[in-house]
$ cat data10.cif   # mmCIF, C-alpha atoms and all ligand atoms
data_entry
#
loop_
_atom_site.label_atom_id
_atom_site.label_comp_id
_atom_site.auth_asym_id
_atom_site.auth_seq_id
_atom_site.Cartn_x
_atom_site.Cartn_y
_atom_site.Cartn_z
CA GLY A 1 26.79 12.02 -17.44
CA ARG A 2 27.64 9.30 -19.97
CA SER A 3 27.38 10.21 -23.62
CA VAL A 4 26.31 7.80 -26.31
CA LYS A 5 27.95 7.60 -29.68
CA ARG A 6 24.90 8.12 -31.87
CA ASN A 7 21.51 9.84 -31.98
CA SER A 8 18.59 7.57 -30.92
CA PRO A 9 16.73 6.34 -33.98
CA THR A 10 12.93 6.54 -34.05
CA LEU A 11 10.95 3.42 -33.15
CA TYR A 12 7.86 4.28 -35.19
CA ASN A 13 7.30 1.44 -37.70
CA VAL A 14 10.49 -0.30 -36.57
CA GLY A 15 8.70 -3.65 -37.03
CA TYR A 16 9.24 -3.23 -40.79
CA SER A 17 12.96 -2.72 -40.45
CA THR A 18 15.15 -5.58 -41.65
CA VAL A 19 18.38 -3.95 -40.41
CA LEU A 20 18.64 -2.45 -36.93
CA PHE A 21 20.94 0.20 -35.46
CA HIS A 22 22.48 2.88 -37.69
CA ASP A 23 25.16 0.39 -38.74
CA GLY A 24 22.77 -2.58 -39.15
CA ARG A 25 24.59 -4.79 -36.67
CA GLU A 26 21.41 -6.56 -35.58
CA SER A 27 18.64 -8.02 -37.73
CA THR A 28 15.87 -8.96 -35.28
CA LEU A 29 14.17 -6.90 -32.58
CA GLU A 30 14.26 -9.91 -30.23
CA GLN A 31 18.06 -9.85 -30.20
CA GLN A 32 18.51 -6.10 -30.52
CA VAL A 33 17.02 -5.42 -27.07
CA TRP A 34 20.12 -6.83 -25.39
CA GLY A 35 22.31 -4.11 -26.91
CA PRO A 36 20.92 -1.17 -24.90
CA LEU A 37 20.11 -3.27 -21.82
CA LEU A 38 23.80 -4.16 -21.43
CA ALA A 39 25.59 -1.14 -22.95
CA HIS A 40 27.72 0.60 -20.31
CA ASN A 41 26.54 4.06 -21.41
CA GLU A 42 22.88 3.13 -21.87
CA MET A 43 21.10 0.96 -19.29
CA ALA A 44 24.36 -0.44 -17.92
CA ASN A 45 23.11 -3.76 -16.60
CA PRO A 46 26.15 -5.85 -15.68
CA SER A 47 24.97 -9.09 -17.36
CA ILE A 48 22.10 -10.96 -19.00
CA GLY A 49 21.57 -13.08 -15.89
CA TYR A 50 21.34 -9.98 -13.72
CA VAL A 51 18.45 -8.63 -15.81
CA ILE A 52 16.57 -11.93 -15.83
CA ASP A 53 17.06 -12.50 -12.09
CA LYS A 54 15.75 -9.01 -11.40
CA LEU A 55 12.58 -9.67 -13.41
CA ASN A 56 12.11 -13.06 -11.79
CA VAL A 57 11.93 -11.61 -8.29
CA THR A 58 9.37 -9.03 -9.41
CA ASP A 59 6.03 -10.78 -8.95
CA ASP A 60 4.06 -9.00 -11.60
CA TYR A 61 6.65 -9.73 -14.31
CA ALA A 62 7.25 -13.36 -13.39
CA GLU A 63 3.49 -14.03 -13.39
CA GLN A 64 2.70 -12.15 -16.55
CA PHE A 65 5.52 -13.80 -18.45
CA ALA A 66 4.30 -17.22 -17.34
CA LYS A 67 0.77 -16.35 -18.46
CA VAL A 68 1.86 -15.17 -21.91
CA PHE A 69 4.80 -17.42 -22.75
CA GLY A 70 4.19 -20.44 -20.54
CA LYS A 71 7.50 -19.74 -18.76
CA GLY A 72 9.11 -16.95 -16.79
CA PRO A 73 11.45 -14.20 -17.99
CA SER A 74 14.39 -15.58 -19.94
CA MET A 75 16.82 -14.31 -22.53
CA GLU A 76 14.36 -15.38 -25.20
CA THR A 77 11.02 -14.33 -23.68
CA LEU A 78 12.28 -10.89 -22.62
CA GLY A 79 13.31 -10.29 -26.24
CA MET A 80 9.93 -11.52 -27.46
CA ALA A 81 8.01 -9.31 -25.03
CA LEU A 82 9.85 -6.11 -25.90
CA ALA A 83 9.88 -6.88 -29.63
CA SER A 84 6.12 -7.50 -29.61
CA TYR A 85 5.51 -4.11 -28.05
CA GLU A 86 7.83 -2.41 -30.54
CA ARG A 87 5.94 -4.03 -33.43
CA SER A 88 2.77 -2.32 -32.17
CA LEU A 89 4.30 1.13 -32.72
CA VAL A 90 2.79 1.36 -36.19
CA SER A 91 1.96 4.81 -37.42
CA GLY A 92 0.49 5.43 -40.87
CA ASN A 93 -2.54 7.07 -42.50
CA SER A 94 -0.55 10.27 -42.93
CA PRO A 95 -1.71 12.97 -45.38
CA PHE A 96 0.86 11.53 -47.80
CA ASP A 97 -0.67 8.01 -47.50
CA ARG A 98 -4.17 9.33 -48.05
CA TRP A 99 -2.99 11.20 -51.16
CA GLN A 100 -0.75 8.47 -52.62
CA TYR A 101 -2.68 5.31 -51.79
CA GLY A 102 -6.11 6.48 -50.63
CA ASN A 103 -6.92 8.61 -53.68
CA ASP A 104 -7.81 11.60 -51.47
CA LYS A 105 -6.98 14.56 -53.69
CA ARG A 106 -7.42 17.05 -50.83
CA ALA A 107 -4.98 15.33 -48.49
CA LEU A 108 -1.88 17.31 -49.54
CA THR A 109 -1.56 21.09 -49.85
CA GLU A 110 -0.13 22.49 -53.08
CA ALA A 111 3.27 23.04 -51.45
CA GLU A 112 3.29 19.42 -50.21
CA GLN A 113 2.35 18.17 -53.70
CA ARG A 114 5.23 20.14 -55.23
CA GLY A 115 7.51 18.73 -52.51
CA LEU A 116 6.43 15.16 -53.35
CA ALA A 117 7.15 15.79 -57.05
CA LEU A 118 10.65 17.00 -56.13
CA PHE A 119 11.18 14.06 -53.73
CA THR A 120 10.52 11.53 -56.50
CA GLY A 121 11.89 13.70 -59.33
CA LYS A 122 14.52 16.42 -59.47
CA ALA A 123 15.78 15.88 -55.90
CA ASN A 124 15.77 12.06 -56.31
CA CYS A 125 15.27 11.40 -52.60
CA SER A 126 13.14 8.33 -53.35
CA ALA A 127 16.20 6.61 -54.87
CA CYS A 128 17.03 5.70 -51.27
CA HIS A 129 13.89 6.71 -49.31
CA THR A 130 11.72 4.28 -51.29
CA ILE A 131 8.09 4.88 -52.31
CA GLY A 132 6.53 1.66 -53.65
CA SER A 133 3.42 1.21 -55.75
CA HIS A 134 1.38 -0.18 -52.83
CA ASP A 135 3.19 1.12 -49.77
CA ALA A 136 6.05 3.35 -48.74
CA LEU A 137 8.60 2.46 -46.11
CA LEU A 138 10.67 5.49 -47.19
CA THR A 139 13.84 3.48 -46.76
CA ASP A 140 15.67 0.96 -48.93
CA ASN A 141 16.86 -0.78 -45.72
CA THR A 142 20.46 -0.48 -46.88
CA PHE A 143 23.55 1.68 -46.28
CA HIS A 144 24.93 4.81 -47.93
CA ASN A 145 27.69 7.34 -47.41
CA THR A 146 26.28 10.87 -47.46
CA GLY A 147 29.43 12.41 -45.97
CA ILE A 148 27.91 13.14 -42.53
CA GLY A 149 30.14 10.52 -40.87
CA TYR A 150 33.20 11.66 -42.81
CA LEU A 151 32.63 15.25 -41.68
CA GLU A 152 32.26 14.15 -38.05
CA ALA A 153 35.54 12.20 -38.24
CA MET A 154 37.63 14.52 -40.39
CA GLY A 155 36.08 17.98 -40.14
CA THR A 156 36.92 20.70 -37.65
CA PRO A 157 34.25 20.47 -34.98
CA ASP A 158 32.17 23.58 -34.27
CA ALA A 159 33.13 25.34 -31.05
CA LYS A 160 29.63 24.72 -29.75
CA ARG A 161 27.41 21.71 -29.96
CA LYS A 162 23.61 21.57 -29.79
CA ILE A 163 22.48 19.41 -26.91
CA GLN A 164 18.89 18.31 -26.49
CA VAL A 165 17.84 18.81 -22.86
CA ALA A 166 14.15 17.98 -23.28
CA PRO A 167 12.08 16.92 -26.29
CA GLY A 168 12.53 19.69 -28.88
CA ILE A 169 14.55 21.96 -26.57
CA PHE A 170 18.20 22.51 -27.51
CA ILE A 171 20.95 24.55 -25.94
CA ASP A 172 24.36 25.41 -27.43
CA VAL A 173 27.12 24.11 -25.19
CA ASP A 174 30.88 24.77 -25.57
CA ARG A 175 32.71 21.68 -26.81
CA ASP A 176 35.47 22.27 -24.25
CA LEU A 177 32.89 22.09 -21.48
CA ILE A 178 31.46 18.84 -22.87
CA ALA A 179 34.99 17.38 -23.08
CA GLN A 180 35.54 18.18 -19.39
CA VAL A 181 32.52 16.22 -18.20
CA SER A 182 32.30 13.33 -20.64
CA GLU A 183 34.45 10.51 -21.89
CA ALA A 184 36.55 10.98 -25.03
CA LYS A 185 34.39 10.82 -28.14
CA ALA A 186 34.38 7.33 -29.66
CA ASN A 187 35.38 6.91 -33.31
CA ASP A 188 32.46 6.18 -35.58
CA LEU A 189 33.06 4.41 -38.89
CA GLY A 190 29.46 3.32 -39.54
CA ARG A 191 28.82 0.10 -41.47
CA TYR A 192 32.57 -0.59 -41.59
CA GLU A 193 32.39 -1.48 -37.90
CA VAL A 194 30.23 -4.47 -38.84
CA THR A 195 31.79 -5.60 -42.14
CA GLN A 196 35.43 -4.38 -41.83
CA ASN A 197 35.17 -3.55 -45.54
CA PRO A 198 36.99 -0.25 -46.26
CA GLU A 199 34.31 0.72 -48.80
CA ASP A 200 31.75 0.72 -45.99
CA ARG A 201 33.47 3.49 -44.04
CA TRP A 202 30.92 6.15 -43.00
CA LYS A 203 27.98 4.32 -44.54
CA TYR A 204 24.83 4.43 -42.41
CA LYS A 205 21.39 2.91 -42.76
CA THR A 206 18.84 4.93 -44.72
CA PRO A 207 16.34 5.96 -42.03
CA ALA A 208 12.61 5.59 -42.73
CA LEU A 209 11.08 9.05 -42.87
CA ARG A 210 7.62 8.57 -41.38
CA ASN A 211 6.90 11.03 -38.53
CA ILE A 212 10.15 12.76 -39.43
CA GLY A 213 8.65 16.13 -38.45
CA LEU A 214 8.51 14.85 -34.85
CA THR A 215 11.95 13.30 -34.48
CA ALA A 216 14.60 16.05 -34.60
CA PRO A 217 17.58 16.16 -34.47
CA TYR A 218 18.60 14.37 -37.65
CA MET A 219 21.29 12.02 -39.00
CA HIS A 220 23.12 9.29 -37.05
CA ASN A 221 25.00 11.89 -35.02
CA GLY A 222 22.13 14.35 -34.60
CA SER A 223 24.23 17.02 -36.29
CA LEU A 224 21.36 18.65 -38.20
CA ALA A 225 18.73 20.30 -36.04
CA THR A 226 15.97 20.99 -38.57
CA LEU A 227 14.46 19.47 -41.70
CA LYS A 228 15.45 22.61 -43.58
CA ALA A 229 19.10 22.01 -42.61
CA VAL A 230 18.78 18.43 -43.92
CA VAL A 231 17.38 19.54 -47.29
CA GLU A 232 20.05 22.25 -47.58
CA PHE A 233 22.70 19.60 -46.83
CA TYR A 234 21.44 17.47 -49.76
CA ASN A 235 21.14 20.54 -51.97
CA ARG A 236 24.88 21.17 -51.53
CA GLY A 237 25.57 17.56 -52.64
CA GLY A 238 26.42 16.18 -49.19
CA ILE A 239 30.06 16.23 -48.07
CA ALA A 240 32.72 15.22 -50.60
CA ASN A 241 34.78 12.12 -49.66
CA GLU A 242 36.16 9.16 -51.59
CA ASN A 243 33.21 6.87 -50.84
CA LEU A 244 30.44 9.45 -51.25
CA ASP A 245 27.38 7.68 -52.71
CA PRO A 246 27.06 8.55 -56.42
CA LEU A 247 23.36 9.28 -55.87
CA ILE A 248 24.29 12.29 -53.69
CA GLN A 249 24.77 15.21 -56.10
CA PRO A 250 24.29 19.00 -55.89
CA LEU A 251 20.59 19.52 -56.61
CA LYS A 252 20.34 23.21 -57.65
CA LEU A 253 17.07 23.63 -55.73
CA SER A 254 15.50 27.09 -55.42
CA ASP A 255 14.50 28.50 -52.01
CA GLN A 256 10.92 27.60 -52.82
CA ASP A 257 11.91 24.02 -53.76
CA ILE A 258 13.64 23.68 -50.39
CA ASN A 259 10.58 24.92 -48.51
CA ASP A 260 8.30 22.65 -50.57
CA LEU A 261 10.41 19.59 -49.74
CA VAL A 262 10.29 20.47 -46.04
CA SER A 263 6.48 20.80 -46.29
CA PHE A 264 6.27 17.40 -47.93
CA LEU A 265 8.38 15.82 -45.18
CA THR A 266 5.96 17.09 -42.55
CA SER A 267 3.06 15.44 -44.44
CA LEU A 268 4.55 12.07 -43.43
CA THR A 269 3.21 12.36 -39.87
CA GLY A 270 0.80 9.53 -39.02
CA ASP A 271 -2.62 10.12 -37.44
CA ASN A 272 -2.10 8.15 -34.21
CA THR A 273 1.15 9.39 -32.65
CA ASP A 274 -0.67 11.07 -29.72
CA GLU A 275 -2.35 7.76 -28.98
CA LEU A 276 0.95 5.83 -29.09
CA VAL A 277 2.62 8.33 -26.75
CA ALA A 278 -0.30 8.28 -24.29
CA ASP A 279 -0.24 4.47 -24.38
CA ALA A 280 3.49 4.41 -23.60
CA PHE A 281 2.95 6.65 -20.57
CA ALA A 282 -0.08 4.65 -19.37
CA ALA A 283 1.99 1.84 -17.86
CA PRO A 284 3.08 2.68 -14.31
CA VAL A 285 6.87 3.04 -14.15
CA SER A 286 7.95 2.77 -10.54
CA ASP A 287 9.17 0.39 -7.89
CA ALA A 288 6.84 2.02 -5.37
CA ASP A 289 4.17 -0.67 -5.09
C1 LIG A 301 22.07 7.88 -51.44
C2 LIG A 301 20.85 7.60 -50.67
C3 LIG A 301 20.08 8.77 -50.16
C4 LIG A 301 19.49 9.79 -50.89
C5 LIG A 301 19.49 10.01 -52.39
C6 LIG A 301 18.80 10.63 -49.91
N1 LIG A 301 18.97 10.13 -48.65
FE1 LIG A 301 18.25 10.92 -46.94
N2 LIG A 301 19.36 9.64 -45.86
C7 LIG A 301 20.16 8.64 -46.38
C8 LIG A 301 20.99 8.10 -45.33
C9 LIG A 301 21.99 6.96 -45.46
C10 LIG A 301 20.68 8.83 -44.17
C11 LIG A 301 21.30 8.66 -42.78
C12 LIG A 301 22.60 9.46 -42.72
C13 LIG A 301 23.22 9.45 -41.35
O1 LIG A 301 22.61 8.93 -40.41
O2 LIG A 301 24.31 9.99 -41.20
C14 LIG A 301 19.64 9.78 -44.54
C15 LIG A 301 19.03 10.65 -43.65
C16 LIG A 301 17.98 11.49 -43.99
C17 LIG A 301 17.18 12.23 -43.04
C18 LIG A 301 17.34 12.19 -41.52
C19 LIG A 301 16.54 11.05 -40.95
C20 LIG A 301 16.71 10.85 -39.47
O3 LIG A 301 15.86 10.16 -38.88
O4 LIG A 301 17.67 11.37 -38.88
C21 LIG A 301 16.25 12.94 -43.75
C22 LIG A 301 15.17 13.86 -43.20
C23 LIG A 301 16.48 12.64 -45.14
N3 LIG A 301 17.53 11.74 -45.25
C24 LIG A 301 15.77 13.18 -46.19
C25 LIG A 301 16.18 13.08 -47.52
C26 LIG A 301 15.72 13.95 -48.58
C27 LIG A 301 14.69 15.05 -48.42
C28 LIG A 301 16.39 13.57 -49.72
C29 LIG A 301 16.34 14.21 -51.08
C30 LIG A 301 16.71 15.61 -51.13
C31 LIG A 301 17.26 12.46 -49.34
N4 LIG A 301 17.11 12.20 -48.01
C32 LIG A 301 18.09 11.77 -50.24
C33 LIG A 301 20.19 8.22 -47.70
C34 LIG A 301 19.76 9.01 -48.76
#
$ encode --input "data10.cif" --output "C-alpha cells" --more "lines below"
Ligand code: HEC
Amino acid sequence: GRSVKRNSPTLYNVGYSTVLFHDGRESTLEQQVWGPLLAHNEMANPSIGYVIDKLNVTDDYAEQFAKVFGKGPSMETLGMALASYERSLVSGNSPFDRWQYGNDKRALTEAEQRGLALFTGKANCSACHTIGSHDALLTDNTFHNTGIGYLEAMGTPDAKRKIQVAPGIFIDVDRDLIAQVSEAKANDLGRYEVTQNPEDRWKYKTPALRNIGLTAPYMHNGSLATLKAVVEFYNRGGIANENLDPLIQPLKLSDQDINDLVSFLTSLTGDNTDELVADAFAAPVSDAD
C-alpha cells in the first residue's frame, strides 16, 4: 500500500549509465543498491547491518560470497554482487543496430527508416538521445527540463490516474480513492533535489531508449502511457515553464511523422530480452528450502 515517488527506470544496459536514478543522485551501481534496500516505501529494511546479518545467517549466500569475494556478505560485497548482475543485463543487436552499424539494409522497414530520419533530423530527438558514429546509448547522460515535472507540480491533476496492476495492464483509478489509501504525494523537484540549484528544478535524466517498446509507462512519473503519447507531447513543444530546455520546441509533425517515429522507437528492441527475463526467473526465490 505504499506508493513510490517515481516510475521505475529500466535496467536494460544500465551498466553504461554514468548517472543513476532520475535525478542522478548516485553514480555507481555498487552504491545505488542501498537506496532501494533501505527506502521505507521500497524494500524497507531497517538498516545496513540488518541486511548483512540476514545474508550471513543464510548458508547459501554466506558460502557463495566467500567463494566469489574471499569474504562474506558486507556493505561492499553485496553492492559488488548486485552491480555485477545488473551489468550483465545488456541488450543490443536491435533492428536499428543492424541497420546503423551492421550495414544490414533490410533491418528497418520503410516506416522505421523515415522515423530514424525524423529522430536525427526534423524532430531533433538525437540532440539528447544520442546516436554516436560507432554506438548509440540514446542518452546524453545528463539532465533536461521537458516540462513533465513542472506539470506534475503545478498542473491540475486529472480526476483519474492510470495505475499499472500487472506488466502492461493499466486501470483508471479515481485520485480521491488513491488519496484515501496512500500517503500524501511527495514533492518532486528533480535534479534540484541533488544540486539545490534553482535552474535545475524539474530537470530529469535523459533516459536511454533501448527496449523502449517494452517499458511503458513513460517519463519519471509514468504519466504517459504509450509511445504515441510521448511523441505527441514532444510535438506540442513539451510544457511551457521558465526553465524549459531550449531544445524542446513545437515540431509541426504530421500524423504520419508521428506514427513513423513510434515505429522507429519500437525498432530499438534488442534480440535477447526473452533470454534475460527467463534468466531472471531461473533463480529460485523462496525461503522454503
Ligand atoms: C532536451 C532533451 C531532449 C530531447 C530533444 C528529447 N528528449 Fe526524450 N527525454 C528527455 C528527458 C530529460 C526525458 C525524461 C523526462 C522525465 O522523466 O520526465 C525524456 C524521456 C523520453 C522518453 C521516455 C523514456 C522512459 O523510459 O520513460 C521517450 C520515449 C523519449 N524521451 C523520446 C524522445 C523522442 C522521440 C524525441 C524527439 C521527438 C525526444 N525524446 C526528444 C530529453 C529529451
$ closest_residue --input "data10.cif" --among "A:Asn124, A:Gln164, A:Asn7, A:Ser263" --to "Pro250 in chain A" --atoms "only C-alpha atoms"
A:Asn124
$ residues_around --input "data10.cif" --residues "range 141-157 of chain A" --least-positions-apart "2" --cutoff "10 Å" --atoms "only C-alpha atoms" --output "JSON, numbers by chain"
{"A": [16, 17, 18, 19, 20, 22, 23, 24, 128, 129, 130, 137, 138, 139, 159, 160, 161, 175, 186, 187, 188, 189, 190, 191, 199, 200, 201, 202, 203, 204, 205, 206, 207, 208, 219, 220, 221, 222, 223, 224, 233, 234, 237, 238, 239, 240, 241, 242, 243, 244, 245, 246, 247, 248, 249]}
$ axis_aligned_box --input "data10.cif" --around "range 70-84 of chain A" --padding-each-side "5 Å" --output "AutoDock Vina command-line options"
--center_x 10.5 --center_y -13.3 --center_z -23.2 --size_x 22.6 --size_y 24.3 --size_z 22.8
$ residues_around --input "data10.cif" --residues "Tyr12 in chain A" --least-positions-apart "4" --cutoff "7 Å" --atoms "only C-alpha atoms" --output "CSV table (one decimal) with C-alpha atoms, keeping the file's coordinate frame"
chain,number,residue,atom,x,y,z
A,89,LEU,CA,4.3,1.1,-32.7
A,90,VAL,CA,2.8,1.4,-36.2
A,91,SER,CA,2.0,4.8,-37.4
$ closest_residue --input "data10.cif" --among "A:His134, A:Arg87, A:Lys54, A:Arg106" --to "Glu30 in chain A" --atoms "all atoms listed in the file"
A:Arg87
$ closest_residue --input "data10.cif" --among "A:Met75, A:Arg25, A:Val68, A:Asn13" --to "Ala136 in chain A" --atoms "only C-alpha atoms"
A:Asn13
$ closest_residue --input "data10.cif" --among "A:Gly132, A:Gly72, A:Gly121, A:Gly270" --to "ligand LIG 301 (chain A)" --atoms "all atoms listed in the file"
A:Gly121
$ atom_distance --input "data10.cif" --atom1 "CA of Ala62 in chain A" --atom2 "CA of Val277 in chain A"
25.9 Å
$ residues_around --input "data10.cif" --residues "Ala117 in chain A" --least-positions-apart "5" --cutoff "12 Å" --atoms "only C-alpha atoms" --output "number ranges by chain"
A: 96, 100, 108, 110-112, 122-126, 131, 257, 260-261, 263-265
$ write_last_selection --input "data10.cif" --atoms "C-alpha atoms" --output "PDB file, in the coordinates of the input"
ATOM      1  CA  PHE A  96       0.860  11.530 -47.800  1.00  0.00           C
ATOM      2  CA  GLN A 100      -0.750   8.470 -52.620  1.00  0.00           C
ATOM      3  CA  LEU A 108      -1.880  17.310 -49.540  1.00  0.00           C
ATOM      4  CA  GLU A 110      -0.130  22.490 -53.080  1.00  0.00           C
ATOM      5  CA  ALA A 111       3.270  23.040 -51.450  1.00  0.00           C
ATOM      6  CA  GLU A 112       3.290  19.420 -50.210  1.00  0.00           C
ATOM      7  CA  LYS A 122      14.520  16.420 -59.470  1.00  0.00           C
ATOM      8  CA  ALA A 123      15.780  15.880 -55.900  1.00  0.00           C
ATOM      9  CA  ASN A 124      15.770  12.060 -56.310  1.00  0.00           C
ATOM     10  CA  CYS A 125      15.270  11.400 -52.600  1.00  0.00           C
ATOM     11  CA  SER A 126      13.140   8.330 -53.350  1.00  0.00           C
ATOM     12  CA  ILE A 131       8.090   4.880 -52.310  1.00  0.00           C
ATOM     13  CA  ASP A 257      11.910  24.020 -53.760  1.00  0.00           C
ATOM     14  CA  ASP A 260       8.300  22.650 -50.570  1.00  0.00           C
ATOM     15  CA  LEU A 261      10.410  19.590 -49.740  1.00  0.00           C
ATOM     16  CA  SER A 263       6.480  20.800 -46.290  1.00  0.00           C
ATOM     17  CA  PHE A 264       6.270  17.400 -47.930  1.00  0.00           C
ATOM     18  CA  LEU A 265       8.380  15.820 -45.180  1.00  0.00           C
TER      19      LEU A 265
END
$ atom_distance --input "data10.cif" --atom1 "CA of Asp60 in chain A" --atom2 "CA of Pro73 in chain A"
11.1 Å
$ closest_residue --input "data10.cif" --among "A:Phe170, A:Phe281, A:Trp34, A:Phe119" --to "ligand LIG 301 (chain A)" --atoms "all atoms listed in the file"
A:Phe119
$ closest_residue --input "data10.cif" --among "A:Gly92, A:Gln64, A:Ala184, A:Ala39" --to "Thr77 in chain A" --atoms "only C-alpha atoms"
A:Gln64
$ atom_distance --input "data10.cif" --atom1 "CA of Lys228 in chain A" --atom2 "CA of Gly15 in chain A"
27.9 Å
$ decode --input "data10.cif" --residues "range 128-144 of chain A" --atoms "N, CA, C and O atoms" --output "mmCIF file, in the first residue's frame"
data_model
loop_
_atom_site.group_PDB
_atom_site.id
_atom_site.type_symbol
_atom_site.label_atom_id
_atom_site.label_comp_id
_atom_site.auth_asym_id
_atom_site.auth_seq_id
_atom_site.Cartn_x
_atom_site.Cartn_y
_atom_site.Cartn_z
ATOM 1 N N CYS A 128 19.430 14.979 -27.583
ATOM 2 C CA CYS A 128 19.567 14.481 -26.206
ATOM 3 C C CYS A 128 19.705 12.957 -26.167
ATOM 4 O O CYS A 128 20.470 12.422 -25.378
ATOM 5 N N HIS A 129 18.935 12.262 -27.005
ATOM 6 C CA HIS A 129 19.006 10.785 -27.066
ATOM 7 C C HIS A 129 20.065 10.431 -28.117
ATOM 8 O O HIS A 129 19.756 10.130 -29.273
ATOM 9 N N THR A 130 21.332 10.452 -27.684
ATOM 10 C CA THR A 130 22.484 10.486 -28.583
ATOM 11 C C THR A 130 22.674 9.220 -29.435
ATOM 12 O O THR A 130 22.574 8.097 -28.926
ATOM 13 N N ILE A 131 22.990 9.429 -30.716
ATOM 14 C CA ILE A 131 23.398 8.337 -31.610
ATOM 15 C C ILE A 131 24.819 8.650 -32.070
ATOM 16 O O ILE A 131 25.040 9.637 -32.766
ATOM 17 N N GLY A 132 25.791 7.844 -31.648
ATOM 18 C CA GLY A 132 27.194 8.111 -31.985
ATOM 19 C C GLY A 132 27.583 7.454 -33.298
ATOM 20 O O GLY A 132 26.798 6.733 -33.912
ATOM 21 N N SER A 133 28.835 7.676 -33.716
ATOM 22 C CA SER A 133 29.241 7.095 -35.000
ATOM 23 C C SER A 133 29.548 5.601 -34.880
ATOM 24 O O SER A 133 29.467 4.878 -35.864
ATOM 25 N N HIS A 134 29.889 5.143 -33.660
ATOM 26 C CA HIS A 134 30.178 3.706 -33.506
ATOM 27 C C HIS A 134 29.183 2.973 -32.618
ATOM 28 O O HIS A 134 29.147 1.750 -32.592
ATOM 29 N N ASP A 135 28.433 3.717 -31.825
ATOM 30 C CA ASP A 135 27.463 3.084 -30.929
ATOM 31 C C ASP A 135 26.407 4.112 -30.556
ATOM 32 O O ASP A 135 26.572 5.298 -30.837
ATOM 33 N N ALA A 136 25.341 3.632 -29.958
ATOM 34 C CA ALA A 136 24.249 4.540 -29.598
ATOM 35 C C ALA A 136 23.728 4.179 -28.219
ATOM 36 O O ALA A 136 23.124 3.123 -28.030
ATOM 37 N N LEU A 137 23.996 5.043 -27.251
ATOM 38 C CA LEU A 137 23.413 4.827 -25.934
ATOM 39 C C LEU A 137 22.008 5.420 -25.886
ATOM 40 O O LEU A 137 21.215 5.108 -25.012
ATOM 41 N N LEU A 138 21.713 6.327 -26.798
ATOM 42 C CA LEU A 138 20.406 7.000 -26.866
ATOM 43 C C LEU A 138 20.125 7.825 -25.620
ATOM 44 O O LEU A 138 18.978 8.077 -25.271
ATOM 45 N N THR A 139 21.201 8.238 -24.965
ATOM 46 C CA THR A 139 21.087 9.222 -23.880
ATOM 47 C C THR A 139 22.384 10.016 -23.855
ATOM 48 O O THR A 139 23.447 9.492 -24.194
ATOM 49 N N ASP A 140 22.282 11.280 -23.433
ATOM 50 C CA ASP A 140 23.477 12.104 -23.236
ATOM 51 C C ASP A 140 23.936 12.032 -21.785
ATOM 52 O O ASP A 140 24.846 12.750 -21.384
ATOM 53 N N ASN A 141 23.288 11.166 -20.985
ATOM 54 C CA ASN A 141 23.632 11.008 -19.562
ATOM 55 C C ASN A 141 23.644 12.353 -18.832
ATOM 56 O O ASN A 141 24.482 12.585 -17.965
ATOM 57 N N THR A 142 22.722 13.256 -19.204
ATOM 58 C CA THR A 142 22.620 14.499 -18.464
ATOM 59 C C THR A 142 21.143 14.867 -18.264
ATOM 60 O O THR A 142 20.278 14.019 -18.493
ATOM 61 N N PHE A 143 20.864 16.077 -17.805
ATOM 62 C CA PHE A 143 19.532 16.401 -17.273
ATOM 63 C C PHE A 143 18.874 17.521 -18.070
ATOM 64 O O PHE A 143 19.546 18.469 -18.473
ATOM 65 N N HIS A 144 17.573 17.386 -18.287
ATOM 66 C CA HIS A 144 16.837 18.410 -19.034
ATOM 67 C C HIS A 144 15.443 18.592 -18.444
ATOM 68 O O HIS A 144 14.859 17.653 -17.901
#
